[in-house]
Amino acid sequence: MKIIKATDYDDLSRKAANIISAQVILHPRSVLGLATGSSPIGIYKQLIDWYNKNDIDFSQVTTVNLDEYVGLSGNDPQSYRYFMDTNFFNHINIDKSKTHVPNGVAPNINEECARYNDLIQQVGGVDLQLLGIGLNGHIGFNEPDKEFEKLTHMVELNPSTIEANKRFFDKIEDVPKSAISMGIKSIMQARHILLIVNTDEKYEILKESLFGPVTPHVPGSILQLHSNLTVIYSCNKTL
Ligand code: GLP
C-alpha cells in the first residue's frame, strides 16, 4: 500500500490525474475503472486540461464505471452515465462505445448485472480502478453487510448513503433507493487501485478501512488485501 498525503484538493486531483495519465500514456489501450461523486471531479477536469494540451490521447481507452442508480436513464441529469458524459467523456476523444456504465433502466436488472460481469471479463479486467469511499466505508455502492458481494449486483442503499447523496437531488425523496454496483471481487481484481479521499470528515473511515479489521461491515477494509493499492488523501490529520 502506498499512501500519499496531498496538500489540498487541487494537489490531490493533480497527483491522481498524473497516475491515470501515466497509465494511459504507457498503455494506450488501458481499461480504466471510473467513479462518480464529488471527489473525482477535479481529476476529470485536470485530465481534460491535459487532453486539450495534447498530452493525453484517450482514443483507444476503454472505461467501466462502478455503479448506476436503478430507475434513472442515461439522459437523467442525476444518473451516473450523465455525470460521466458531462464531467469527462464529452470533453475528450474517447470512443463513447467503449465507455460502460450499468444500465439503470434495463428491463431485467439481474440480467443487466450478469451482462456487466461478462463485460468486465470481455474487456480483459480493469487495469486501473479509481475509487472514492462513502462515509460508512462503502466502495462503489457496496454497502456494509454481513458478507462481501463478489460480483455486480443490485443493492438497496443505506439510509446514510441516501442522506449523503441527497445533495445532488432537489429533495431526498428523489434519491433512488437502489443501485447496480460492481462487486468486491471485480474491484479487487483490478491490477491497480487508486483510492482518493478529500474531506476531513472521511478521515476516520479511511483510517478504519486501511488499519482496522478487514470486515464486510466496512467494505473499504478489503482494500488492505490488494497488492497494488495507492491512496491519495487530503485531510488535516495524517495517517
Ligand atoms: C457514491 C458513489 C461512490 C462514491 C461515494 C463518495 O455513493 N457510489 O462511488 O465513492 O458516493 O462520493 P463523494 O466523492 O461525493 O463523497
# chains A, B, ... in the order shown; residues from 1 in each chain; ligands from 1
$ residues_around --residues "region 19-23 of chain A" --least-positions-apart "4" --cutoff "7 Å" --atoms "only C-alpha atoms" --output "list in words"
Lys15, His27 and Ile56 of chain A
$ select_by_dssp --residues "region 12-235 of chain A" --states "strand (DSSP E)" --output "JSON, numbers by chain"
{"A": [31, 32, 33, 34, 62, 63, 64, 65, 67, 68, 69, 99, 100, 128, 129, 130, 131, 153, 154, 155, 156, 178, 179, 180, 181, 192, 193, 194, 195, 196, 197, 229, 230, 231, 232, 233]}
$ closest_residue --among "A:Asn158, A:Thr63, A:Asn18, A:Ser209" --to "ligand 1" --atoms "only C-alpha atoms and all ligand atoms"
A:Asn158
$ closest_residue --among "A:Phe89, A:Tyr116, A:Phe168, A:Tyr51" --to "ligand 1" --atoms "only C-alpha atoms and all ligand atoms"
A:Phe168
$ residues_near_ligand --ligand "ligand 1" --cutoff "10 Å" --atoms "only C-alpha atoms and all ligand atoms" --output "PyMOL selection string"
chain A and resi 34-41+65-69+80+130-143+157-158+160-162+164-165+167-168+179-182+195-199+201-202
$ closest_residue --among "A:Ala114, A:Val123, A:Ile184, A:Cys235" --to "Thr7 (chain A)" --atoms "only C-alpha atoms"
A:Cys235
$ residues_around --residues "His100 (chain A)" --least-positions-apart "3" --cutoff "9 Å" --atoms "only C-alpha atoms" --output "list in words"
Thr62, Thr63, Val64, Asn65, Arg81, Lys96, Ser97, Asn103, Tyr116 and Leu119 of chain A
$ residues_around --residues "region 187-194 of chain A" --least-positions-apart "4" --cutoff "8 Å" --atoms "only C-alpha atoms" --output "NGL selection string"
:A and (16 or 125-131 or 182-183 or 223 or 226 or 228-232)
$ residues_around --residues "Ala106 (chain A)" --least-positions-apart "5" --cutoff "10 Å" --atoms "only C-alpha atoms" --output "PyMOL selection string"
chain A and resi 70-73+111-113
$ residues_around --residues "Thr215 (chain A)" --least-positions-apart "6" --cutoff "9 Å" --atoms "only C-alpha atoms" --output "VMD selection string"
chain A and resid 144 to 148 209 221 to 222
$ select_by_dssp --residues "region 101-197 of chain A" --states "alpha helix (DSSP H)" --output "count of residues only"
26
$ atom_distance --atom1 "CA of Glu156 (chain A)" --atom2 "CA of Val175 (chain A)"
11.8 Å
$ residues_around --residues "Asn87 (chain A)" --least-positions-apart "4" --cutoff "8 Å" --atoms "only C-alpha atoms" --output "ChimeraX atom specification"
/A:41,44-45,83,91
$ atom_distance --atom1 "CA of Ile94 (chain A)" --atom2 "CA of Ile4 (chain A)"
28.9 Å
$ atom_distance --atom1 "CA of Pro216 (chain A)" --atom2 "CA of Lys177 (chain A)"
20.5 Å
